[in-house]
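File shown: query.pdb (PDB, C-alpha atoms).
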MODEL        1
ATOM      1  CA  MET A   1     -19.097   3.485 -28.052  1.00  0.00           C
ATOM      2  CA  LYS A   2     -16.620   0.658 -28.385  1.00  0.00           C
ATOM      3  CA  ASN A   3     -17.401  -2.821 -27.135  1.00  0.00           C
ATOM      4  CA  LYS A   4     -16.027  -6.185 -26.106  1.00  0.00           C
ATOM      5  CA  GLU A   5     -15.946  -7.439 -29.671  1.00  0.00           C
ATOM      6  CA  ASN A   6     -12.928  -5.174 -30.276  1.00  0.00           C
ATOM      7  CA  ASN A   7     -10.991  -7.122 -27.604  1.00  0.00           C
ATOM      8  CA  ILE A   8     -10.123  -3.872 -25.834  1.00  0.00           C
ATOM      9  CA  LYS A   9      -8.509  -4.029 -22.416  1.00  0.00           C
ATOM     10  CA  LEU A  10      -7.690  -1.287 -19.911  1.00  0.00           C
ATOM     11  CA  PHE A  11      -4.390  -0.973 -18.042  1.00  0.00           C
ATOM     12  CA  VAL A  12      -4.364   1.434 -15.081  1.00  0.00           C
ATOM     13  CA  ALA A  13      -1.259   2.370 -13.096  1.00  0.00           C
ATOM     14  CA  ASP A  14      -0.428   4.883 -10.428  1.00  0.00           C
ATOM     15  CA  TYR A  15       2.568   7.105 -11.213  1.00  0.00           C
ATOM     16  CA  ASP A  16       4.652   7.974  -8.114  1.00  0.00           C
ATOM     17  CA  GLY A  17       6.054   4.839  -6.521  1.00  0.00           C
ATOM     18  CA  THR A  18       4.563   2.686  -9.279  1.00  0.00           C
ATOM     19  CA  ILE A  19       5.428   3.684 -12.843  1.00  0.00           C
ATOM     20  CA  TYR A  20       8.098   5.932 -11.394  1.00  0.00           C
ATOM     21  CA  THR A  21      10.422   4.456  -8.776  1.00  0.00           C
ATOM     22  CA  ASP A  22      13.705   5.557 -10.375  1.00  0.00           C
ATOM     23  CA  ASP A  23      14.910   6.670 -13.804  1.00  0.00           C
ATOM     24  CA  ILE A  24      16.309   3.275 -14.849  1.00  0.00           C
ATOM     25  CA  ASN A  25      13.126   1.328 -14.154  1.00  0.00           C
ATOM     26  CA  LEU A  26      11.004   4.156 -15.570  1.00  0.00           C
ATOM     27  CA  SER A  27      12.789   3.699 -18.897  1.00  0.00           C
ATOM     28  CA  ILE A  28      11.864   0.002 -18.922  1.00  0.00           C
ATOM     29  CA  ASN A  29       8.287   0.774 -17.889  1.00  0.00           C
ATOM     30  CA  ARG A  30       8.009   3.278 -20.750  1.00  0.00           C
ATOM     31  CA  LYS A  31       8.850   0.566 -23.298  1.00  0.00           C
ATOM     32  CA  ARG A  32       6.399  -1.891 -21.742  1.00  0.00           C
ATOM     33  CA  LEU A  33       3.555   0.637 -21.734  1.00  0.00           C
ATOM     34  CA  LEU A  34       4.124   1.166 -25.435  1.00  0.00           C
ATOM     35  CA  MET A  35       4.055  -2.597 -25.985  1.00  0.00           C
ATOM     36  CA  LEU A  36       0.698  -2.799 -24.223  1.00  0.00           C
ATOM     37  CA  HIS A  37      -0.597   0.052 -26.352  1.00  0.00           C
ATOM     38  CA  LYS A  38       0.442  -1.801 -29.515  1.00  0.00           C
ATOM     39  CA  LEU A  39      -1.448  -4.859 -28.254  1.00  0.00           C
ATOM     40  CA  GLY A  40      -4.600  -2.747 -28.119  1.00  0.00           C
ATOM     41  CA  PHE A  41      -4.644  -1.820 -24.432  1.00  0.00           C
ATOM     42  CA  ILE A  42      -6.011   1.525 -23.286  1.00  0.00           C
ATOM     43  CA  ILE A  43      -3.385   3.081 -21.004  1.00  0.00           C
ATOM     44  CA  ASN A  44      -4.623   5.111 -18.031  1.00  0.00           C
ATOM     45  CA  ILE A  45      -2.146   6.774 -15.664  1.00  0.00           C
ATOM     46  CA  SER A  46      -4.024   7.515 -12.440  1.00  0.00           C
ATOM     47  CA  THR A  47      -2.426   9.875  -9.936  1.00  0.00           C
ATOM     48  CA  GLY A  48      -3.025  12.231  -7.064  1.00  0.00           C
ATOM     49  CA  ARG A  49      -1.066  14.875  -8.977  1.00  0.00           C
ATOM     50  CA  SER A  50      -2.520  17.815 -10.844  1.00  0.00           C
ATOM     51  CA  PHE A  51      -2.838  17.783 -14.620  1.00  0.00           C
ATOM     52  CA  GLU A  52       0.048  20.227 -15.022  1.00  0.00           C
ATOM     53  CA  SER A  53       2.267  18.169 -12.740  1.00  0.00           C
ATOM     54  CA  ILE A  54       1.625  14.748 -14.305  1.00  0.00           C
ATOM     55  CA  LYS A  55       1.597  16.206 -17.838  1.00  0.00           C
ATOM     56  CA  GLU A  56       5.078  17.614 -17.239  1.00  0.00           C
ATOM     57  CA  GLN A  57       6.235  14.161 -16.116  1.00  0.00           C
ATOM     58  CA  VAL A  58       4.743  12.139 -18.972  1.00  0.00           C
ATOM     59  CA  ASP A  59       6.048  14.604 -21.561  1.00  0.00           C
ATOM     60  CA  LYS A  60       9.509  14.699 -19.995  1.00  0.00           C
ATOM     61  CA  HIS A  61       9.788  10.907 -19.888  1.00  0.00           C
ATOM     62  CA  LYS A  62       7.883  10.312 -23.156  1.00  0.00           C
ATOM     63  CA  LEU A  63       5.347   7.996 -21.548  1.00  0.00           C
ATOM     64  CA  TYR A  64       2.491   6.786 -23.717  1.00  0.00           C
ATOM     65  CA  TYR A  65      -1.018   7.170 -22.317  1.00  0.00           C
ATOM     66  CA  ASP A  66      -4.604   7.427 -23.521  1.00  0.00           C
ATOM     67  CA  TYR A  67      -5.962   9.005 -20.348  1.00  0.00           C
ATOM     68  CA  LEU A  68      -4.603  10.856 -17.340  1.00  0.00           C
ATOM     69  CA  THR A  69      -6.697  10.663 -14.196  1.00  0.00           C
ATOM     70  CA  CYS A  70      -5.715  13.489 -11.857  1.00  0.00           C
ATOM     71  CA  ALA A  71      -6.366  14.346  -8.208  1.00  0.00           C
ATOM     72  CA  ASP A  72      -7.373  10.789  -7.275  1.00  0.00           C
ATOM     73  CA  GLY A  73     -10.294  10.490  -9.686  1.00  0.00           C
ATOM     74  CA  SER A  74     -11.495  14.096  -9.736  1.00  0.00           C
ATOM     75  CA  VAL A  75     -10.597  14.749 -13.370  1.00  0.00           C
ATOM     76  CA  ILE A  76     -10.004  12.549 -16.442  1.00  0.00           C
ATOM     77  CA  ILE A  77      -8.192  14.086 -19.421  1.00  0.00           C
ATOM     78  CA  ASP A  78      -7.450  12.331 -22.702  1.00  0.00           C
ATOM     79  CA  LYS A  79      -4.207  12.318 -24.697  1.00  0.00           C
ATOM     80  CA  ASP A  80      -5.381  15.366 -26.677  1.00  0.00           C
ATOM     81  CA  ASP A  81      -5.878  17.346 -23.430  1.00  0.00           C
ATOM     82  CA  ASN A  82      -9.671  17.165 -23.648  1.00  0.00           C
ATOM     83  CA  ILE A  83     -11.631  16.965 -20.391  1.00  0.00           C
ATOM     84  CA  VAL A  84     -13.479  13.645 -20.289  1.00  0.00           C
ATOM     85  CA  LEU A  85     -14.784  13.854 -16.721  1.00  0.00           C
ATOM     86  CA  PHE A  86     -14.795  16.724 -14.234  1.00  0.00           C
ATOM     87  CA  ASN A  87     -16.325  16.124 -10.802  1.00  0.00           C
ATOM     88  CA  GLU A  88     -17.267  19.669  -9.848  1.00  0.00           C
ATOM     89  CA  ILE A  89     -18.173  20.401  -6.227  1.00  0.00           C
ATOM     90  CA  ASP A  90     -20.250  23.095  -4.567  1.00  0.00           C
ATOM     91  CA  SER A  91     -18.547  26.430  -3.921  1.00  0.00           C
ATOM     92  CA  ASN A  92     -20.056  26.790  -0.434  1.00  0.00           C
ATOM     93  CA  ALA A  93     -18.433  23.549   0.681  1.00  0.00           C
ATOM     94  CA  ILE A  94     -15.165  24.663  -0.915  1.00  0.00           C
ATOM     95  CA  ASN A  95     -15.275  27.870   1.114  1.00  0.00           C
ATOM     96  CA  GLU A  96     -15.564  25.831   4.306  1.00  0.00           C
ATOM     97  CA  PHE A  97     -12.570  23.712   3.358  1.00  0.00           C
ATOM     98  CA  ILE A  98     -10.574  26.823   2.466  1.00  0.00           C
ATOM     99  CA  GLU A  99     -11.389  28.201   5.911  1.00  0.00           C
ATOM    100  CA  PHE A 100      -9.923  25.002   7.394  1.00  0.00           C
ATOM    101  CA  THR A 101      -6.768  25.350   5.283  1.00  0.00           C
ATOM    102  CA  SER A 102      -6.278  28.884   6.619  1.00  0.00           C
ATOM    103  CA  THR A 103      -5.580  27.338  10.032  1.00  0.00           C
ATOM    104  CA  VAL A 104      -2.872  24.980   8.733  1.00  0.00           C
ATOM    105  CA  ASN A 105       0.771  25.768   8.008  1.00  0.00           C
ATOM    106  CA  TYR A 106       0.774  23.786   4.752  1.00  0.00           C
ATOM    107  CA  GLU A 107       3.609  23.362   2.262  1.00  0.00           C
ATOM    108  CA  GLU A 108       1.372  23.791  -0.782  1.00  0.00           C
ATOM    109  CA  ILE A 109      -2.304  24.194  -1.636  1.00  0.00           C
ATOM    110  CA  GLN A 110      -3.618  22.700  -4.869  1.00  0.00           C
ATOM    111  CA  PHE A 111      -6.950  23.726  -6.355  1.00  0.00           C
ATOM    112  CA  VAL A 112      -8.272  21.195  -8.855  1.00  0.00           C
ATOM    113  CA  TYR A 113      -9.344  23.123 -11.937  1.00  0.00           C
ATOM    114  CA  PRO A 114     -10.602  21.455 -15.110  1.00  0.00           C
ATOM    115  CA  LYS A 115      -7.011  21.067 -16.346  1.00  0.00           C
ATOM    116  CA  TYR A 116      -4.654  22.355 -13.718  1.00  0.00           C
ATOM    117  CA  TYR A 117      -4.037  23.641 -10.201  1.00  0.00           C
ATOM    118  CA  GLY A 118      -3.861  27.342  -9.564  1.00  0.00           C
ATOM    119  CA  GLU A 119      -3.484  29.878  -6.775  1.00  0.00           C
ATOM    120  CA  SER A 120      -6.551  32.056  -7.438  1.00  0.00           C
ATOM    121  CA  PRO A 121      -9.415  29.667  -8.144  1.00  0.00           C
ATOM    122  CA  ASP A 122     -12.809  30.358  -9.630  1.00  0.00           C
ATOM    123  CA  LEU A 123     -14.836  28.717  -6.860  1.00  0.00           C
ATOM    124  CA  ASP A 124     -17.571  27.817  -9.349  1.00  0.00           C
ATOM    125  CA  LYS A 125     -15.219  25.513 -11.268  1.00  0.00           C
ATOM    126  CA  ILE A 126     -13.318  23.287  -8.849  1.00  0.00           C
ATOM    127  CA  ALA A 127     -13.268  19.505  -8.500  1.00  0.00           C
ATOM    128  CA  GLY A 128     -11.501  19.573  -5.151  1.00  0.00           C
ATOM    129  CA  ILE A 129      -8.690  20.910  -3.003  1.00  0.00           C
ATOM    130  CA  ASN A 130      -5.534  19.218  -1.717  1.00  0.00           C
ATOM    131  CA  ILE A 131      -3.114  20.570   0.845  1.00  0.00           C
ATOM    132  CA  ALA A 132       0.379  19.189   1.279  1.00  0.00           C
ATOM    133  CA  VAL A 133       1.370  19.201   4.953  1.00  0.00           C
ATOM    134  CA  SER A 134       4.627  18.136   6.563  1.00  0.00           C
ATOM    135  CA  THR A 135       4.242  14.686   8.137  1.00  0.00           C
ATOM    136  CA  GLU A 136       6.314  15.887  11.090  1.00  0.00           C
ATOM    137  CA  LEU A 137       3.970  18.843  11.608  1.00  0.00           C
ATOM    138  CA  LEU A 138       0.974  16.491  11.702  1.00  0.00           C
ATOM    139  CA  ARG A 139       2.734  14.399  14.327  1.00  0.00           C
ATOM    140  CA  GLU A 140       3.439  17.481  16.425  1.00  0.00           C
ATOM    141  CA  ASP A 141       0.062  19.199  16.026  1.00  0.00           C
ATOM    142  CA  LYS A 142      -2.742  16.671  16.544  1.00  0.00           C
ATOM    143  CA  SER A 143      -5.333  19.451  16.302  1.00  0.00           C
ATOM    144  CA  ILE A 144      -4.941  19.524  12.489  1.00  0.00           C
ATOM    145  CA  PHE A 145      -6.444  16.054  12.186  1.00  0.00           C
ATOM    146  CA  GLU A 146      -9.088  16.957  14.756  1.00  0.00           C
ATOM    147  CA  ARG A 147     -10.225  19.927  12.659  1.00  0.00           C
ATOM    148  CA  PHE A 148      -9.984  17.887   9.451  1.00  0.00           C
ATOM    149  CA  ASN A 149     -12.173  15.133  10.906  1.00  0.00           C
ATOM    150  CA  LYS A 150     -14.622  17.641  12.364  1.00  0.00           C
ATOM    151  CA  LEU A 151     -15.140  19.111   8.902  1.00  0.00           C
ATOM    152  CA  LYS A 152     -15.417  15.596   7.465  1.00  0.00           C
ATOM    153  CA  ASN A 153     -18.222  14.791   9.909  1.00  0.00           C
ATOM    154  CA  LYS A 154     -19.988  18.024   9.005  1.00  0.00           C
ATOM    155  CA  LEU A 155     -19.719  17.824   5.205  1.00  0.00           C
ATOM    156  CA  THR A 156     -20.974  14.284   4.758  1.00  0.00           C
ATOM    157  CA  ASP A 157     -21.679  14.750   1.042  1.00  0.00           C
ATOM    158  CA  TYR A 158     -17.952  15.042   0.321  1.00  0.00           C
ATOM    159  CA  ASN A 159     -14.943  12.753   0.273  1.00  0.00           C
ATOM    160  CA  PHE A 160     -12.048  13.508   2.639  1.00  0.00           C
ATOM    161  CA  LEU A 161      -8.814  11.642   2.033  1.00  0.00           C
ATOM    162  CA  ASN A 162      -5.543  11.629   3.951  1.00  0.00           C
ATOM    163  CA  TYR A 163      -2.484   9.720   2.780  1.00  0.00           C
ATOM    164  CA  CYS A 164       1.255   9.944   3.266  1.00  0.00           C
ATOM    165  CA  HIS A 165       4.130  10.134   0.801  1.00  0.00           C
ATOM    166  CA  TYR A 166       6.753  10.822   3.457  1.00  0.00           C
ATOM    167  CA  PRO A 167       7.817  13.502   4.312  1.00  0.00           C
ATOM    168  CA  ILE A 168       4.487  14.942   3.099  1.00  0.00           C
ATOM    169  CA  ASN A 169       0.876  14.105   3.927  1.00  0.00           C
ATOM    170  CA  TYR A 170      -1.911  15.036   1.546  1.00  0.00           C
ATOM    171  CA  LEU A 171      -5.259  16.153   2.959  1.00  0.00           C
ATOM    172  CA  CYS A 172      -7.754  16.056   0.108  1.00  0.00           C
ATOM    173  CA  PHE A 173     -11.316  17.246  -0.384  1.00  0.00           C
ATOM    174  CA  LYS A 174     -13.442  15.947  -3.272  1.00  0.00           C
ATOM    175  CA  LYS A 175     -16.958  15.118  -4.317  1.00  0.00           C
ATOM    176  CA  LYS A 176     -18.472  12.144  -2.492  1.00  0.00           C
ATOM    177  CA  GLY A 177     -17.848   8.848  -4.271  1.00  0.00           C
ATOM    178  CA  VAL A 178     -14.921  10.200  -6.289  1.00  0.00           C
ATOM    179  CA  THR A 179     -11.942   7.844  -6.158  1.00  0.00           C
ATOM    180  CA  LYS A 180      -9.452   6.309  -8.539  1.00  0.00           C
ATOM    181  CA  ALA A 181     -11.803   3.316  -8.624  1.00  0.00           C
ATOM    182  CA  SER A 182     -14.785   5.448  -9.684  1.00  0.00           C
ATOM    183  CA  SER A 183     -12.756   6.983 -12.526  1.00  0.00           C
ATOM    184  CA  ILE A 184     -11.768   3.510 -13.753  1.00  0.00           C
ATOM    185  CA  ASP A 185     -15.405   2.449 -13.658  1.00  0.00           C
ATOM    186  CA  TYR A 186     -16.283   5.475 -15.787  1.00  0.00           C
ATOM    187  CA  LEU A 187     -13.806   4.410 -18.473  1.00  0.00           C
ATOM    188  CA  ARG A 188     -14.777   0.759 -18.156  1.00  0.00           C
ATOM    189  CA  LYS A 189     -18.427   1.560 -18.824  1.00  0.00           C
ATOM    190  CA  TYR A 190     -17.567   3.909 -21.674  1.00  0.00           C
ATOM    191  CA  TYR A 191     -15.707   1.112 -23.464  1.00  0.00           C
ATOM    192  CA  ASN A 192     -18.240  -1.520 -22.359  1.00  0.00           C
ATOM    193  CA  LEU A 193     -15.619  -3.656 -20.642  1.00  0.00           C
ATOM    194  CA  ASP A 194     -16.113  -6.288 -17.979  1.00  0.00           C
ATOM    195  CA  LYS A 195     -13.907  -6.179 -14.900  1.00  0.00           C
ATOM    196  CA  ASP A 196     -11.770  -9.052 -16.158  1.00  0.00           C
ATOM    197  CA  SER A 197     -10.587  -6.728 -18.943  1.00  0.00           C
ATOM    198  CA  VAL A 198      -9.187  -4.194 -16.453  1.00  0.00           C
ATOM    199  CA  TYR A 199      -5.639  -4.492 -15.056  1.00  0.00           C
ATOM    200  CA  VAL A 200      -4.688  -2.274 -12.100  1.00  0.00           C
ATOM    201  CA  ILE A 201      -1.483  -1.635 -10.141  1.00  0.00           C
ATOM    202  CA  GLY A 202      -0.615   0.868  -7.403  1.00  0.00           C
ATOM    203  CA  ASP A 203       1.503   1.344  -4.318  1.00  0.00           C
ATOM    204  CA  SER A 204      -0.220   3.542  -1.739  1.00  0.00           C
ATOM    205  CA  TYR A 205      -3.293   4.267   0.362  1.00  0.00           C
ATOM    206  CA  ASN A 206      -5.071   6.206  -2.379  1.00  0.00           C
ATOM    207  CA  ASP A 207      -4.725   3.150  -4.653  1.00  0.00           C
ATOM    208  CA  ILE A 208      -6.425   0.697  -2.296  1.00  0.00           C
ATOM    209  CA  GLU A 209      -9.957   1.175  -3.621  1.00  0.00           C
ATOM    210  CA  MET A 210      -9.015   0.678  -7.253  1.00  0.00           C
ATOM    211  CA  ILE A 211      -6.868  -2.368  -6.468  1.00  0.00           C
ATOM    212  CA  THR A 212      -9.630  -3.909  -4.365  1.00  0.00           C
ATOM    213  CA  GLU A 213     -12.467  -3.073  -6.759  1.00  0.00           C
ATOM    214  CA  PHE A 214     -10.683  -4.462  -9.814  1.00  0.00           C
ATOM    215  CA  ASN A 215      -8.793  -7.401  -8.278  1.00  0.00           C
ATOM    216  CA  GLY A 216      -5.555  -5.572  -8.969  1.00  0.00           C
ATOM    217  CA  VAL A 217      -1.978  -5.912  -7.796  1.00  0.00           C
ATOM    218  CA  LYS A 218       0.471  -3.765  -5.874  1.00  0.00           C
ATOM    219  CA  ILE A 219       4.070  -2.675  -5.853  1.00  0.00           C
ATOM    220  CA  ASN A 220       6.081  -4.521  -3.224  1.00  0.00           C
ATOM    221  CA  ASN A 221       7.149  -1.907  -0.679  1.00  0.00           C
ATOM    222  CA  ASP A 222       7.140  -1.372   3.076  1.00  0.00           C
ATOM    223  CA  ASN A 223       3.912   0.648   3.179  1.00  0.00           C
ATOM    224  CA  PRO A 224       1.893  -0.790   6.108  1.00  0.00           C
ATOM    225  CA  ASP A 225      -1.367   0.420   4.511  1.00  0.00           C
ATOM    226  CA  MET A 226      -0.797  -2.045   1.670  1.00  0.00           C
ATOM    227  CA  LYS A 227      -0.012  -5.134   3.726  1.00  0.00           C
ATOM    228  CA  ASP A 228      -3.202  -7.073   2.894  1.00  0.00           C
ATOM    229  CA  VAL A 229      -4.067  -5.354  -0.387  1.00  0.00           C
ATOM    230  CA  GLY A 230      -3.896  -6.900  -3.859  1.00  0.00           C
ATOM    231  CA  LYS A 231      -3.837 -10.438  -5.172  1.00  0.00           C
ATOM    232  CA  LYS A 232      -0.108 -10.271  -5.958  1.00  0.00           C
ATOM    233  CA  SER A 233       2.879  -7.936  -5.607  1.00  0.00           C
ATOM    234  CA  TYR A 234       5.686  -6.888  -7.944  1.00  0.00           C
ATOM    235  CA  TYR A 235       8.850  -4.882  -7.459  1.00  0.00           C
ATOM    236  CA  GLN A 236       8.353  -3.024 -10.747  1.00  0.00           C
ATOM    237  CA  VAL A 237       5.452  -2.313 -13.101  1.00  0.00           C
ATOM    238  CA  TYR A 238       7.228  -3.918 -16.057  1.00  0.00           C
ATOM    239  CA  GLU A 239       7.199  -7.282 -14.239  1.00  0.00           C
ATOM    240  CA  TYR A 240       3.404  -7.126 -14.143  1.00  0.00           C
ATOM    241  CA  ILE A 241       3.195  -5.969 -17.757  1.00  0.00           C
ATOM    242  CA  ASP A 242       5.465  -8.830 -18.883  1.00  0.00           C
ATOM    243  CA  GLU A 243       3.064 -11.260 -17.234  1.00  0.00           C
ATOM    244  CA  ILE A 244       0.112  -9.634 -18.980  1.00  0.00           C
ATOM    245  CA  ILE A 245       1.859  -9.684 -22.355  1.00  0.00           C
ATOM    246  CA  ASN A 246       2.760 -13.369 -21.979  1.00  0.00           C
ATOM    247  CA  LYS A 247      -0.900 -14.049 -21.251  1.00  0.00           C
ATOM    248  CA  GLU A 248      -2.084 -12.069 -24.272  1.00  0.00           C
ATOM    249  CA  ILE A 249       0.257 -13.395 -27.000  1.00  0.00           C
TER     250      ILE A 249
ENDMDL
END
Reformat the file's structure so that it appears as structure tokens.
Amino acid sequence: MKNKENNIKLFVADYDGTIYTDDINLSINRKRLLMLHKLGFIINISTGRSFESIKEQVDKHKLYYDYLTCADGSVIIDKDDNIVLFNEIDSNAINEFIEFTSTVNYEEIQFVYPKYYGESPDLDKIAGINIAVSTELLREDKSIFERFNKLKNKLTDYNFLNYCHYPINYLCFKKKGVTKASSIDYLRKYYNLDKDSVYVIGDSYNDIEMITEFNGVKINNDNPDMKDVGKKSYYQVYEYIDEIINKEI
């Protein structure tokens, strides 16, 4: 295990709406992430996406990373595609959530496998389930949220998360206590880091816990969920990284 004497620091960023806002700024962010890496920072990209989905993005855009955290903390995978953490949940609870999904006209269902999402899951090896539902449908059919919340009240040992990336809402089911913040804490403890050695930035509801827990910052956008979150805001990730680099050199 590595320790503080190595002067290691951890940089954690959400992907959609944070590292990626558009292709031009993504190119600048790519260069800054590499600069942080060369300064000795561990780079963790933390996303609600599946491993396959975020892996396709980081490979396409040649983004450096040490760890990918997928499905909002459910799975951590290192740069060599090894599973570092997999928060497996009980198959009986999964069956109940699947029964709920059968009543919803969703756009996509995503089963969180050790490395990827699939359509025919082995229910003994799942870290969670996400369904992507049209935001407009949720506005029209209030019963979806009613059934979602009813299941949430029944399965109290599990984490239910709903957040919007318009025009899609994500209804997510995971092991209790699993969040982006919990995955950061796992890495922090592995490297024996104090919280002052962790830098965090995100833009949306599923980033609130990690920003709050680690005194992080946010992307400046119009998301009402983020109004009072974070100690500071930036229009682009590279602005935050530049500030960190100036502090470090």
For the file shown, what are the residues hit by the PyMOL selection byres ((chain A and resi 213) around 12), laid out as a list of chain:residue names?
->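 For this structure, the PyMOL selection byres ((chain A and resi 213) around 12) resolves to A:Thr179, A:Lys180, A:Ala181, A:Ser182, A:Ser183, A:Ile184, A:Asp185, A:Lys195, A:Asp196, A:Val198, A:Tyr199, A:Val200, A:Ile201, A:Asp207, A:Ile208, A:Glu209, A:Met210, A:Ile211, A:Thr212, A:Phe214, A:Asn215, A:Gly216, A:Val217, A:Val229, A:Gly230, A:Lys231.
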Could you give me the centre and size, in Å to one decimal, of an axis-aligned box around all listed atoms of range 147-164 of chain A with 6 Å added on every side, as lines of an AutoDock Vina configuration file?
center_x = -10.2
center_y = 14.8
center_z = 6.5
size_x = 34.9
size_y = 22.2
size_z = 24.4
Closest to Glu108 in chain A among A:Ser134, A:Leu187, A:Met226, A:Asn92, using only C-alpha atoms?
->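 Closest candidate: A:Ser134.
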Hey, which of A:Lys174, A:Lys154, A:Arg147, A:His165 ends up closest to Phe111 in chain A? Count only C-alpha atoms.
->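 Using only C-alpha atoms, Phe111 in chain A sits closest to A:Lys174.
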Would you kindly return, as a PyMOL selection string, each protein, DNA or RNA residue with an atom no farther than 12 Å from any atom of Asp141 in chain A, considering all atoms listed in the file and excluding same-chain residues fewer than 6 positions away?
-> chain A and resi 103-105+133-135+147
Spatial neighbours of Gly202 in chain A, 8 Å, only C-alpha atoms, chain gap at least 6 places, as a PyMOL selection string = chain A and resi 13-15+17-18+208+211+217-219
Among A:Ile126, A:Ile131, A:Ile245, A:Ile45, Asp16 in chain A is approached most closely, using only C-alpha atoms, by A:Ile45
Looking at only C-alpha atoms, which of A:Ile8, A:Val84, A:Ile42, A:Ile24 is the one that sits closest to Tyr64 in chain A?
->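 For Tyr64 in chain A, the nearest of the candidates is A:Ile42.
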Hey, which of A:Ile98, A:Ile83, A:Ile244, A:Leu26 ends up closest to Lys60 in chain A? Count only C-alpha atoms.
-> A:Leu26
Tell me which of A:His61, A:Lys247, A:Arg49, A:Lys55 sits closest to Asn25 in chain A, counting all atoms listed in the file.
-> A:His61
Could you pull the residues within 6 Å of Tyr67 in chain A, counting only C-alpha atoms, minus those fewer than 4 positions along the same chain, as a list in words?
->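 Those residues are Asn44, Ile77, Asp78 and Lys79 of chain A.
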Between CA of Ile43 in chain A and CA of Leu68 in chain A, what is the distance, to one decimal in Å?
-> 8.7 Å
